[in-house]
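Q: Data file upload-v5.tsv (TSV, C-alpha atoms) is appended below.
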chain	number	residue	atom	x	y	z
A	1	MET	CA	-15.00	92.64	59.04
A	2	ARG	CA	-12.24	95.16	59.74
A	3	ARG	CA	-12.86	98.71	58.61
A	4	THR	CA	-13.37	98.33	54.89
A	5	LEU	CA	-13.34	100.97	52.17
A	6	VAL	CA	-13.93	100.77	48.42
A	7	VAL	CA	-12.72	103.14	45.73
A	8	ALA	CA	-12.98	102.67	41.98
A	9	ASP	CA	-11.93	104.13	38.66
A	10	VAL	CA	-8.89	106.16	39.60
A	11	HIS	CA	-7.53	105.69	36.05
A	12	LEU	CA	-4.00	106.43	37.16
A	13	THR	CA	-1.55	107.39	34.39
A	14	ARG	CA	1.58	109.47	34.26
A	15	GLN	CA	-0.67	112.40	33.28
A	16	THR	CA	-3.14	112.10	36.19
A	17	PRO	CA	-3.50	115.54	37.86
A	18	ARG	CA	-1.52	115.86	41.06
A	19	PRO	CA	-4.54	116.73	43.23
A	20	VAL	CA	-6.18	113.39	42.35
A	21	VAL	CA	-3.07	111.48	43.40
A	22	ALA	CA	-2.65	113.59	46.53
A	23	ASP	CA	-6.24	112.85	47.55
A	24	LEU	CA	-5.81	109.13	46.95
A	25	ALA	CA	-2.68	109.09	49.09
A	26	ARG	CA	-4.56	111.03	51.78
A	27	LEU	CA	-7.36	108.45	51.77
A	28	PHE	CA	-4.85	105.79	52.79
A	29	THR	CA	-3.09	107.89	55.39
A	30	GLU	CA	-6.40	108.88	56.99
A	31	HIS	CA	-7.54	105.24	57.32
A	32	PRO	CA	-4.59	103.31	58.75
A	33	GLY	CA	-5.13	99.58	59.14
A	34	ALA	CA	-8.19	99.54	56.87
A	35	ARG	CA	-8.92	96.96	54.21
A	36	VAL	CA	-9.12	98.95	50.99
A	37	TYR	CA	-10.64	97.45	47.87
A	38	VAL	CA	-10.14	99.03	44.47
A	39	ALA	CA	-13.07	97.92	42.32
A	40	GLY	CA	-11.15	98.10	39.07
A	41	ASP	CA	-9.24	100.62	36.98
A	42	LEU	CA	-6.76	101.78	39.59
A	43	PHE	CA	-4.49	102.17	36.58
A	44	ASP	CA	-5.39	103.07	33.01
A	45	ARG	CA	-2.87	101.17	30.93
A	46	SER	CA	-4.71	101.87	27.66
A	47	ALA	CA	-4.53	105.66	28.10
A	48	GLU	CA	-0.74	105.72	28.14
A	49	ALA	CA	1.00	106.70	24.94
A	50	ALA	CA	3.17	103.96	23.44
A	51	PRO	CA	5.36	102.43	24.60
A	52	THR	CA	3.26	101.53	27.63
A	53	PRO	CA	5.19	102.45	30.78
A	54	SER	CA	5.86	100.03	33.59
A	55	VAL	CA	3.96	100.23	36.87
A	56	GLU	CA	7.14	101.55	38.45
A	57	GLU	CA	7.25	104.38	35.90
A	58	VAL	CA	3.61	105.32	36.51
A	59	LEU	CA	4.09	105.40	40.27
A	60	GLY	CA	7.37	107.24	39.79
A	61	ALA	CA	5.48	110.08	38.11
A	62	HIS	CA	3.57	110.59	41.38
A	63	PRO	CA	6.13	110.50	44.21
A	64	SER	CA	3.55	110.81	47.02
A	65	LEU	CA	1.53	107.72	46.15
A	66	ALA	CA	3.91	104.76	46.44
A	67	PRO	CA	5.06	105.75	49.96
A	68	ALA	CA	1.43	106.12	51.08
A	69	LEU	CA	0.47	102.69	49.70
A	70	GLY	CA	3.60	101.06	51.05
A	71	GLU	CA	3.18	102.53	54.51
A	72	HIS	CA	-0.46	101.48	54.59
A	73	LEU	CA	0.49	97.86	53.88
A	74	GLU	CA	3.54	97.80	56.13
A	75	ARG	CA	1.48	99.04	59.09
A	76	GLY	CA	-1.12	96.32	58.85
A	77	GLY	CA	-3.52	97.68	56.26
A	78	GLU	CA	-4.75	95.62	53.32
A	79	LEU	CA	-5.07	96.42	49.63
A	80	ARG	CA	-7.18	94.30	47.28
A	81	LEU	CA	-7.20	95.14	43.59
A	82	ALA	CA	-9.81	93.85	41.14
A	83	ALA	CA	-8.87	94.05	37.49
A	84	GLY	CA	-10.85	96.47	35.33
A	85	ASN	CA	-11.16	96.87	31.60
A	86	HIS	CA	-8.41	99.51	31.57
A	87	ASP	CA	-6.03	97.65	33.88
A	88	ALA	CA	-6.60	94.00	33.00
A	89	ASP	CA	-2.90	93.49	33.76
A	90	VAL	CA	-3.85	93.60	37.45
A	91	GLY	CA	-5.37	90.14	37.05
A	92	ARG	CA	-2.34	88.58	35.43
A	93	GLU	CA	-0.21	86.18	37.38
A	94	GLY	CA	2.74	88.01	38.86
A	95	PHE	CA	1.23	91.48	38.88
A	96	GLY	CA	1.04	91.48	42.67
A	97	ASP	CA	4.76	90.76	42.86
A	98	THR	CA	5.48	93.54	40.37
A	99	LEU	CA	3.49	96.04	42.40
A	100	ALA	CA	5.03	94.82	45.66
A	101	ARG	CA	8.51	95.48	44.27
A	102	ALA	CA	7.46	98.95	43.14
A	103	LEU	CA	6.16	99.65	46.66
A	104	ARG	CA	9.25	98.03	48.27
A	105	LEU	CA	7.14	95.77	50.47
A	106	GLY	CA	8.49	93.31	52.96
A	107	PRO	CA	7.14	89.71	53.04
A	108	GLU	CA	4.42	90.37	55.65
A	109	ALA	CA	3.16	93.46	53.87
A	110	ARG	CA	3.22	91.59	50.54
A	111	ALA	CA	0.82	89.05	52.02
A	112	ARG	CA	-1.69	91.86	52.62
A	113	LEU	CA	-1.70	92.82	48.92
A	114	SER	CA	-3.97	90.71	46.70
A	115	THR	CA	-5.31	90.89	43.16
A	116	THR	CA	-7.97	89.13	41.12
A	117	PRO	CA	-8.75	88.94	37.40
A	118	TRP	CA	-12.50	88.91	38.12
A	119	PHE	CA	-13.99	89.27	41.62
A	120	PHE	CA	-13.43	89.04	45.35
A	121	ARG	CA	-15.76	87.28	47.80
A	122	ASP	CA	-15.80	87.90	51.55
A	123	GLY	CA	-18.80	86.43	53.34
A	124	GLY	CA	-21.83	88.11	51.81
A	125	LEU	CA	-19.70	90.57	49.81
A	126	HIS	CA	-19.14	90.19	46.07
A	127	LEU	CA	-16.86	92.84	44.52
A	128	GLU	CA	-15.70	93.26	40.94
A	129	HIS	CA	-15.23	96.03	38.41
A	130	GLY	CA	-18.45	95.35	36.51
A	131	HIS	CA	-17.28	95.81	32.93
A	132	VAL	CA	-18.41	92.26	32.14
A	133	PHE	CA	-21.96	93.67	32.13
A	134	ASP	CA	-21.09	96.39	29.60
A	135	PRO	CA	-20.74	94.89	26.10
A	136	ASP	CA	-18.65	97.82	24.87
A	137	ASN	CA	-16.01	97.05	27.50
A	138	ALA	CA	-16.55	93.39	28.33
A	139	PRO	CA	-13.77	90.87	27.74
A	140	GLY	CA	-14.42	87.68	25.84
A	141	HIS	CA	-14.01	85.92	29.20
A	142	PRO	CA	-13.18	87.56	32.56
A	143	LEU	CA	-10.41	85.04	33.26
A	144	VAL	CA	-8.62	85.59	29.95
A	145	HIS	CA	-6.44	88.52	28.95
A	146	GLY	CA	-7.64	88.42	25.37
A	147	ALA	CA	-8.35	90.93	22.60
A	148	PRO	CA	-9.05	94.47	23.85
A	149	SER	CA	-12.66	95.57	24.03
A	150	LEU	CA	-14.14	98.35	21.91
A	151	GLY	CA	-13.84	100.83	24.78
A	152	VAL	CA	-10.24	99.94	25.50
A	153	ARG	CA	-9.36	100.10	21.82
A	154	PHE	CA	-10.73	103.61	21.60
A	155	VAL	CA	-8.76	104.85	24.57
A	156	HIS	CA	-5.59	103.26	23.20
A	157	ASP	CA	-6.09	104.14	19.52
A	158	PHE	CA	-7.85	107.50	19.83
A	159	ILE	CA	-7.36	109.20	23.20
A	160	ALA	CA	-3.75	108.23	23.91
A	161	PRO	CA	-2.33	109.22	20.48
A	162	THR	CA	-4.19	112.56	20.39
A	163	GLY	CA	-3.83	113.43	24.07
A	164	ALA	CA	-7.59	114.06	24.13
A	165	TYR	CA	-7.86	113.01	27.78
A	166	ALA	CA	-10.96	115.16	28.26
A	167	TYR	CA	-12.88	112.34	26.53
A	168	LEU	CA	-11.99	109.71	29.13
A	169	ASN	CA	-15.20	110.28	31.09
A	170	ARG	CA	-17.44	111.01	28.09
A	171	ASN	CA	-17.93	107.58	26.55
A	172	ASP	CA	-21.69	107.89	26.08
A	173	LYS	CA	-21.67	111.20	24.18
A	174	LEU	CA	-22.73	111.55	20.56
A	175	PRO	CA	-19.93	111.75	17.99
A	176	LEU	CA	-21.27	115.12	16.77
A	177	ASP	CA	-20.89	116.51	20.29
A	178	LEU	CA	-17.37	115.13	20.49
A	179	PHE	CA	-16.43	116.45	17.05
A	180	THR	CA	-17.68	119.93	17.98
A	181	GLU	CA	-15.73	119.76	21.21
A	182	ALA	CA	-12.63	118.66	19.31
A	183	PHE	CA	-12.52	122.09	17.68
A	184	THR	CA	-13.67	124.20	20.63
A	185	ARG	CA	-11.30	122.48	23.07
A	186	TYR	CA	-8.34	121.56	20.88
A	187	GLY	CA	-8.47	124.33	18.29
A	188	ALA	CA	-6.02	123.79	15.45
A	189	ARG	CA	-5.56	120.17	16.54
A	190	GLY	CA	-9.28	119.52	15.98
A	191	PRO	CA	-8.90	118.00	12.49
A	192	HIS	CA	-6.21	115.64	13.80
A	193	VAL	CA	-8.47	114.58	16.68
A	194	VAL	CA	-11.40	113.90	14.34
A	195	ALA	CA	-9.24	112.07	11.80
A	196	THR	CA	-7.82	109.87	14.55
A	197	PHE	CA	-11.35	109.06	15.69
A	198	PHE	CA	-12.17	107.69	12.25
A	199	ARG	CA	-8.90	105.76	12.02
A	200	ALA	CA	-9.68	104.18	15.38
A	201	SER	CA	-13.23	103.40	14.22
A	202	PHE	CA	-12.10	101.58	11.10
A	203	ALA	CA	-9.40	99.75	13.07
A	204	ALA	CA	-12.12	98.55	15.46
A	205	LEU	CA	-14.25	97.34	12.56
A	206	ALA	CA	-11.25	95.45	11.19
A	207	ASN	CA	-11.15	93.50	14.46
A	208	ALA	CA	-14.90	92.95	14.87
A	209	GLY	CA	-17.35	90.24	13.90
A	210	PRO	CA	-15.64	87.37	12.06
A	211	PHE	CA	-12.24	88.87	12.95
A	212	TYR	CA	-12.88	88.54	16.69
A	213	ASP	CA	-12.40	84.98	17.95
A	214	LEU	CA	-14.84	85.02	20.85
A	215	ASP	CA	-15.21	81.23	20.93
A	216	ALA	CA	-11.49	80.72	21.49
A	217	GLU	CA	-11.39	83.21	24.37
A	218	ARG	CA	-14.41	81.63	26.03
A	219	ALA	CA	-12.95	78.15	25.68
A	220	SER	CA	-9.69	79.31	27.27
A	221	GLY	CA	-11.55	80.98	30.11
A	222	ASP	CA	-13.86	78.04	30.75
A	223	ALA	CA	-10.79	75.82	31.21
A	224	LEU	CA	-9.80	78.04	34.16
A	225	LEU	CA	-13.25	78.37	35.67
A	226	ASP	CA	-13.29	75.39	38.02
A	227	ALA	CA	-10.02	76.35	39.70
A	228	PHE	CA	-11.09	79.99	40.05
A	229	ALA	CA	-14.48	79.01	41.47
A	230	LEU	CA	-12.83	76.79	44.08
A	231	GLY	CA	-10.60	79.62	45.26
A	232	ALA	CA	-13.48	82.10	45.25
A	233	ASP	CA	-15.79	79.73	47.15
A	234	VAL	CA	-18.51	80.02	44.50
A	235	SER	CA	-19.81	77.10	42.50
A	236	ALA	CA	-18.53	76.80	38.96
A	237	ASP	CA	-22.10	76.16	37.81
A	238	ALA	CA	-23.18	79.51	39.28
A	239	LEU	CA	-20.39	81.26	37.43
A	240	ARG	CA	-21.26	79.51	34.18
A	241	GLY	CA	-24.82	80.69	34.65
A	242	LEU	CA	-23.62	84.26	35.13
A	243	LEU	CA	-21.50	84.14	32.02
A	244	SER	CA	-24.23	82.64	29.88
A	245	ALA	CA	-26.66	85.38	30.94
A	246	GLN	CA	-24.35	88.19	29.83
A	247	GLU	CA	-24.36	89.82	26.42
A	248	ALA	CA	-21.49	89.10	24.08
A	249	PRO	CA	-18.92	91.89	23.63
A	250	THR	CA	-19.93	94.50	21.06
A	251	LEU	CA	-16.90	93.61	18.92
A	252	ALA	CA	-18.27	90.10	18.50
A	253	ARG	CA	-20.87	91.52	16.09
A	254	LEU	CA	-19.82	93.66	13.15
A	255	GLY	CA	-23.21	95.37	12.84
A	256	ASP	CA	-23.32	96.27	16.53
A	257	THR	CA	-19.83	97.73	16.33
A	258	PHE	CA	-20.78	99.80	13.29
A	259	ALA	CA	-23.88	101.12	15.04
A	260	ARG	CA	-22.15	101.76	18.37
A	261	LEU	CA	-19.67	104.04	16.63
A	262	TYR	CA	-22.63	105.86	15.04
A	263	LEU	CA	-21.08	105.15	11.66
A	264	ASP	CA	-24.58	104.55	10.33
A	265	ARG	CA	-25.37	108.22	10.93
A	266	VAL	CA	-22.06	109.25	9.45
A	267	THR	CA	-22.92	107.22	6.33
A	268	PHE	CA	-26.39	108.76	6.11
A	269	THR	CA	-24.93	112.25	6.50
A	270	MET	CA	-22.47	111.55	3.70
A	271	ALA	CA	-25.39	110.40	1.54
A	272	LEU	CA	-27.19	113.69	2.15
A	273	LEU	CA	-24.05	115.66	1.31
A	274	GLY	CA	-23.60	113.52	-1.79
A	275	SER	CA	-27.14	114.35	-2.91
A	276	LEU	CA	-26.24	118.04	-2.79
A	277	GLY	CA	-23.24	117.35	-5.00
A	278	LEU	CA	-25.40	115.48	-7.50
A	279	ALA	CA	-27.92	118.31	-7.51
A	280	ALA	CA	-25.15	120.81	-8.20
A	281	THR	CA	-24.16	118.84	-11.30
A	282	GLY	CA	-27.73	118.76	-12.60
A	283	ARG	CA	-28.44	115.09	-11.74
A	284	ARG	CA	-31.66	115.89	-9.93
A	285	ARG	CA	-33.28	112.46	-9.98
A	286	ALA	CA	-30.22	110.78	-8.58
A	287	ALA	CA	-29.91	113.59	-6.03
A	288	LEU	CA	-33.52	113.20	-4.89
A	289	ALA	CA	-33.17	109.41	-4.65
A	290	LEU	CA	-29.98	109.61	-2.63
A	291	ALA	CA	-31.42	112.34	-0.40
A	292	ALA	CA	-34.55	110.26	0.22
A	293	VAL	CA	-32.51	107.23	1.19
A	294	GLY	CA	-30.19	109.26	3.43
A	295	MET	CA	-33.00	111.17	5.11
A	296	GLY	CA	-35.17	108.09	5.57
A	297	CYS	CA	-32.36	106.12	7.15
A	298	MET	CA	-31.39	109.07	9.35
A	299	LEU	CA	-34.95	109.51	10.61
A	300	SER	CA	-35.18	105.77	11.29
A	301	SER	CA	-31.94	105.94	13.27
A	302	TRP	CA	-33.12	108.93	15.27
A	303	ALA	CA	-36.44	107.21	15.96
A	304	ALA	CA	-34.46	104.49	17.74
A	305	GLY	CA	-33.07	107.18	20.04
A	306	HIS	CA	-31.20	110.45	19.67
A	307	ASN	CA	-28.43	109.25	21.96
A	308	ARG	CA	-28.86	105.49	21.84
A	309	TYR	CA	-26.34	104.64	24.52
A	310	ALA	CA	-26.58	107.36	27.17
A	311	GLY	CA	-27.20	105.89	30.62
A	312	ARG	CA	-27.02	102.28	29.48
A	313	VAL	CA	-23.91	101.43	31.49
A	314	VAL	CA	-25.57	102.51	34.74
A	315	THR	CA	-28.70	100.44	34.12
A	316	ARG	CA	-26.78	97.41	32.86
A	317	LEU	CA	-24.54	97.32	35.93
A	318	ALA	CA	-27.52	97.58	38.27
A	319	ALA	CA	-29.13	94.67	36.43
A	320	GLY	CA	-25.84	92.77	36.55
A	321	ALA	CA	-25.64	93.26	40.32
A	322	ARG	CA	-29.11	91.78	40.71
A	323	LEU	CA	-28.05	88.82	38.58
A	324	VAL	CA	-24.94	88.20	40.72
A	325	ALA	CA	-26.87	88.50	43.97
A	326	GLY	CA	-29.49	86.04	42.78
A	327	ALA	CA	-27.05	83.51	41.36
A	328	THR	CA	-24.47	83.52	44.15
A	329	GLY	CA	-26.41	84.55	47.25
A	330	ALA	CA	-24.34	87.68	47.86
A	331	SER	CA	-25.98	90.13	50.25
A	332	LEU	CA	-24.13	93.05	48.66
A	333	VAL	CA	-22.65	93.36	45.17
A	334	VAL	CA	-20.14	96.18	44.74
A	335	LEU	CA	-19.20	97.29	41.24
A	336	GLY	CA	-17.26	100.18	39.76
A	337	HIS	CA	-17.01	101.08	36.06
A	338	ALA	CA	-20.20	103.17	35.81
A	339	HIS	CA	-18.49	106.29	37.24
A	340	SER	CA	-21.77	106.99	39.01
A	341	PRO	CA	-22.28	106.41	42.77
A	342	GLU	CA	-25.32	104.33	43.70
A	343	ILE	CA	-26.56	102.38	46.69
A	344	THR	CA	-29.63	100.15	46.72
A	345	GLU	CA	-30.60	97.21	48.91
A	346	ARG	CA	-28.07	94.75	47.44
A	347	TYR	CA	-25.97	96.89	45.11
A	348	ALA	CA	-23.41	99.62	45.74
A	349	ASN	CA	-21.13	101.62	43.46
A	350	PRO	CA	-18.61	104.15	44.78
A	351	GLY	CA	-18.50	106.12	41.52
A	352	THR	CA	-15.24	107.35	40.09
A	353	PHE	CA	-12.59	108.68	42.43
A	354	SER	CA	-10.82	110.76	39.77
A	355	PHE	CA	-13.79	112.25	37.93
A	356	SER	CA	-16.17	112.88	40.84
A	357	PRO	CA	-18.06	116.12	40.22
A	358	GLY	CA	-18.37	118.78	42.88
A	359	GLU	CA	-16.06	119.36	45.82
A	360	SER	CA	-15.62	115.77	47.03
A	361	ARG	CA	-14.40	112.37	45.86
A	362	THR	CA	-16.71	109.49	46.62
A	363	PHE	CA	-15.92	106.09	48.11
A	364	LEU	CA	-17.74	103.40	50.07
A	365	GLU	CA	-17.46	102.22	53.63
A	366	LEU	CA	-18.70	98.66	54.15
A	367	HIS	CA	-20.25	97.19	57.29
A	368	SER	CA	-21.11	93.61	58.13
A	369	ALA	CA	-23.34	91.75	60.54
A	370	GLY	CA	-22.81	88.03	60.02
A	371	ASP	CA	-23.01	87.43	56.29
A	372	ARG	CA	-25.03	90.58	55.68
A	373	VAL	CA	-22.95	93.41	54.23
A	374	THR	CA	-24.15	96.97	53.76
A	375	ALA	CA	-22.56	100.09	52.30
A	376	THR	CA	-22.45	103.78	53.12
A	377	LEU	CA	-21.38	106.38	50.58
A	378	ARG	CA	-18.60	108.57	51.94
A	379	ALA	CA	-16.90	111.67	50.57
A	380	LEU	CA	-13.33	112.93	50.72
A	381	ARG	CA	-13.10	116.66	50.24
A	382	LYS	CA	-10.94	117.50	47.25
A	383	SER	CA	-7.65	119.22	47.78
A	384	ALA	CA	-7.79	122.97	47.45
A	385	THR	CA	-5.74	122.76	44.25
A	386	SER	CA	-8.12	120.26	42.57
Now, as a test, write the supplied structure out as structure tokens.

A:
Amino acid sequence: MRRTLVVADVHLTRQTPRPVVADLARLFTEHPGARVYVAGDLFDRSAEAAPTPSVEEVLGAHPSLAPALGEHLERGGELRLAAGNHDADVGREGFGDTLARALRLGPEARARLSTTPWFFRDGGLHLEHGHVFDPDNAPGHPLVHGAPSLGVRFVHDFIAPTGAYAYLNRNDKLPLDLFTEAFTRYGARGPHVVATFFRASFAALANAGPFYDLDAERASGDALLDAFALGADVSADALRGLLSAQEAPTLARLGDTFARLYLDRVTFTMALLGSLGLAATGRRRAALALAAVGMGCMLSSWAAGHNRYAGRVVTRLAAGARLVAGATGASLVVLGHAHSPEITERYANPGTFSFSPGESRTFLELHSAGDRVTATLRALRKSATS
């Protein structure tokens, strides 16, 4: 295996801070000739305000990046992009050609640029984004560019229209925390941010449960599975086993979508406020009854967990990596998506390149001995202007 690096979750948009882009370009220039994997979400197509810009326009907003990528490929380096939940377009047929044109690649360099809608295999290495193990962001089928997931919908319908990009890395926070932050961070725009959140919530519900055709997406994806498995050198039966073991997307169930948005607690809070209104008009029995229902339901909800979803993505991806390793015989499963770096015996995650805390940006360096692949977590010191 040539020198191999992995980055993930750059979430590149026209608004990405310049230091992030400068550091990504520097990663390529400092590792000439390396094979560089991006484990999903190099771009964040859902975070762009409508109309969605072309890849050329996104790269054009960051003049240092395209030359760095192009030079890397022209000088013998490789670039392999796995599609993520926020850049599913990467997996579409023809995306590689689109990106190659944007980078002005010659034929030989174009051959060193590859993309996949799901995963890459290289000996004992299995690499994908990992969102298939997160119901909030999982597609109906990883080989189908179908209806957007709940997470993608919220970025597109809530974050992009409001410009509330501070929420991009805060997907497991409680709505109350986010509402409070809407006013402390965005001031007079706070009511607009909160109102847009509720519009996005109801739009998600309108596309959930019976309005989400999961069976059709799975049937379309299954029709492509044999051909993909042959090219990936993994048995189709193993892939079917992986898919059957995964949870259905949150949007496939109306009740799960309602709960994931914490709309149950919003409803219970409204009931408590309504009881105060009834009490103020002298309807004490009705007020007490409504208050009892609201408080009882709220306590039941809190008993199930104050923050019901915090940390779940990290644990689900680790479990998903174990599932992949067991089903396909991979010695190392590399995932992104969790935004949290982690290395165990057969699982590695580089964390998020853009949102890395501290003074460095994390990435992986892979090593191989036969079919055994291992990973080392590396750090790129952030630019002084980060």

Q: Can you list, as a ChimeraX atom specification, every protein, DNA or RNA residue that comes within 7 Å of A:Leu364 when you count all atoms listed in the file, leaving out same-chain residues fewer than 5 positions away?

A: /A:5-7,350,375-378

Q: Rank nothing, just name the residue among A:Asp371, A:Asp233, A:Asp215, A:Asp87 nearest to A:Arg121, using all atoms listed in the file.

A: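 The answer is A:Asp233, which sits nearest to A:Arg121.
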
Q: For A:Thr344, find every residue with an atom within 10 Å (counting all atoms listed in the file), except residues of its own chain fewer than 6 positions away, and show them as a PyMOL selection string.

A: chain A and resi 318+332-333+374-375

Q: Mind running stretch 121-146 of chain A against stretch 31-43 of chain A at 7 Å and telling me each contacting residue's nearest atom pair with the distance in Å (one decimal), counting only C-alpha atoms, chain and number ascending, as CSV?

A:
residue,atom,partner,partner_atom,distance
A:Leu127,CA,A:Ala39,CA,6.7
A:Glu128,CA,A:Ala39,CA,5.5
A:His129,CA,A:Gly40,CA,4.6

Q: If we count only C-alpha atoms, what is near A:Ala338 at a cut-off of 12 Å, once residues fewer than 5 positions away on the same chain are taken out, given as a PDB file with C-alpha atoms, in the frame of the given file?

A:
ATOM      1  CA  ALA A   8     -12.980 102.670  41.980  1.00  0.00           C
ATOM      2  CA  ASP A   9     -11.930 104.130  38.660  1.00  0.00           C
ATOM      3  CA  ALA A  39     -13.070  97.920  42.320  1.00  0.00           C
ATOM      4  CA  GLY A  40     -11.150  98.100  39.070  1.00  0.00           C
ATOM      5  CA  ASP A  41      -9.240 100.620  36.980  1.00  0.00           C
ATOM      6  CA  GLY A  84     -10.850  96.470  35.330  1.00  0.00           C
ATOM      7  CA  ASN A  85     -11.160  96.870  31.600  1.00  0.00           C
ATOM      8  CA  HIS A 129     -15.230  96.030  38.410  1.00  0.00           C
ATOM      9  CA  GLY A 130     -18.450  95.350  36.510  1.00  0.00           C
ATOM     10  CA  HIS A 131     -17.280  95.810  32.930  1.00  0.00           C
ATOM     11  CA  VAL A 132     -18.410  92.260  32.140  1.00  0.00           C
ATOM     12  CA  PHE A 133     -21.960  93.670  32.130  1.00  0.00           C
ATOM     13  CA  ASP A 134     -21.090  96.390  29.600  1.00  0.00           C
ATOM     14  CA  ASN A 137     -16.010  97.050  27.500  1.00  0.00           C
ATOM     15  CA  ASN A 169     -15.200 110.280  31.090  1.00  0.00           C
ATOM     16  CA  ARG A 170     -17.440 111.010  28.090  1.00  0.00           C
ATOM     17  CA  ASN A 171     -17.930 107.580  26.550  1.00  0.00           C
ATOM     18  CA  ASP A 172     -21.690 107.890  26.080  1.00  0.00           C
ATOM     19  CA  ALA A 310     -26.580 107.360  27.170  1.00  0.00           C
ATOM     20  CA  GLY A 311     -27.200 105.890  30.620  1.00  0.00           C
ATOM     21  CA  ARG A 312     -27.020 102.280  29.480  1.00  0.00           C
ATOM     22  CA  VAL A 313     -23.910 101.430  31.490  1.00  0.00           C
ATOM     23  CA  VAL A 314     -25.570 102.510  34.740  1.00  0.00           C
ATOM     24  CA  THR A 315     -28.700 100.440  34.120  1.00  0.00           C
ATOM     25  CA  ARG A 316     -26.780  97.410  32.860  1.00  0.00           C
ATOM     26  CA  LEU A 317     -24.540  97.320  35.930  1.00  0.00           C
ATOM     27  CA  ALA A 318     -27.520  97.580  38.270  1.00  0.00           C
ATOM     28  CA  GLY A 320     -25.840  92.770  36.550  1.00  0.00           C
ATOM     29  CA  ALA A 348     -23.410  99.620  45.740  1.00  0.00           C
ATOM     30  CA  ASN A 349     -21.130 101.620  43.460  1.00  0.00           C
ATOM     31  CA  PRO A 350     -18.610 104.150  44.780  1.00  0.00           C
ATOM     32  CA  GLY A 351     -18.500 106.120  41.520  1.00  0.00           C
ATOM     33  CA  THR A 352     -15.240 107.350  40.090  1.00  0.00           C
ATOM     34  CA  PHE A 353     -12.590 108.680  42.430  1.00  0.00           C
ATOM     35  CA  PHE A 355     -13.790 112.250  37.930  1.00  0.00           C
ATOM     36  CA  SER A 356     -16.170 112.880  40.840  1.00  0.00           C
TER      37      SER A 356
END

Q: What does the distance from atom CA of A:Pro249 to atom CA of A:Pro139 come to in Å, to one decimal?

A: 6.7 Å

Q: Expressed in Å to a single decimal, how great is the separation between atom CA of A:Leu150 and atom CA of A:Ala88?

A: 14.1 Å

Q: Quote the spacing between atom CA of A:Thr196 and atom CA of A:Val155 in Å to one decimal place.

A: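 Between atom CA of A:Thr196 and atom CA of A:Val155 the gap works out to 11.2 Å.
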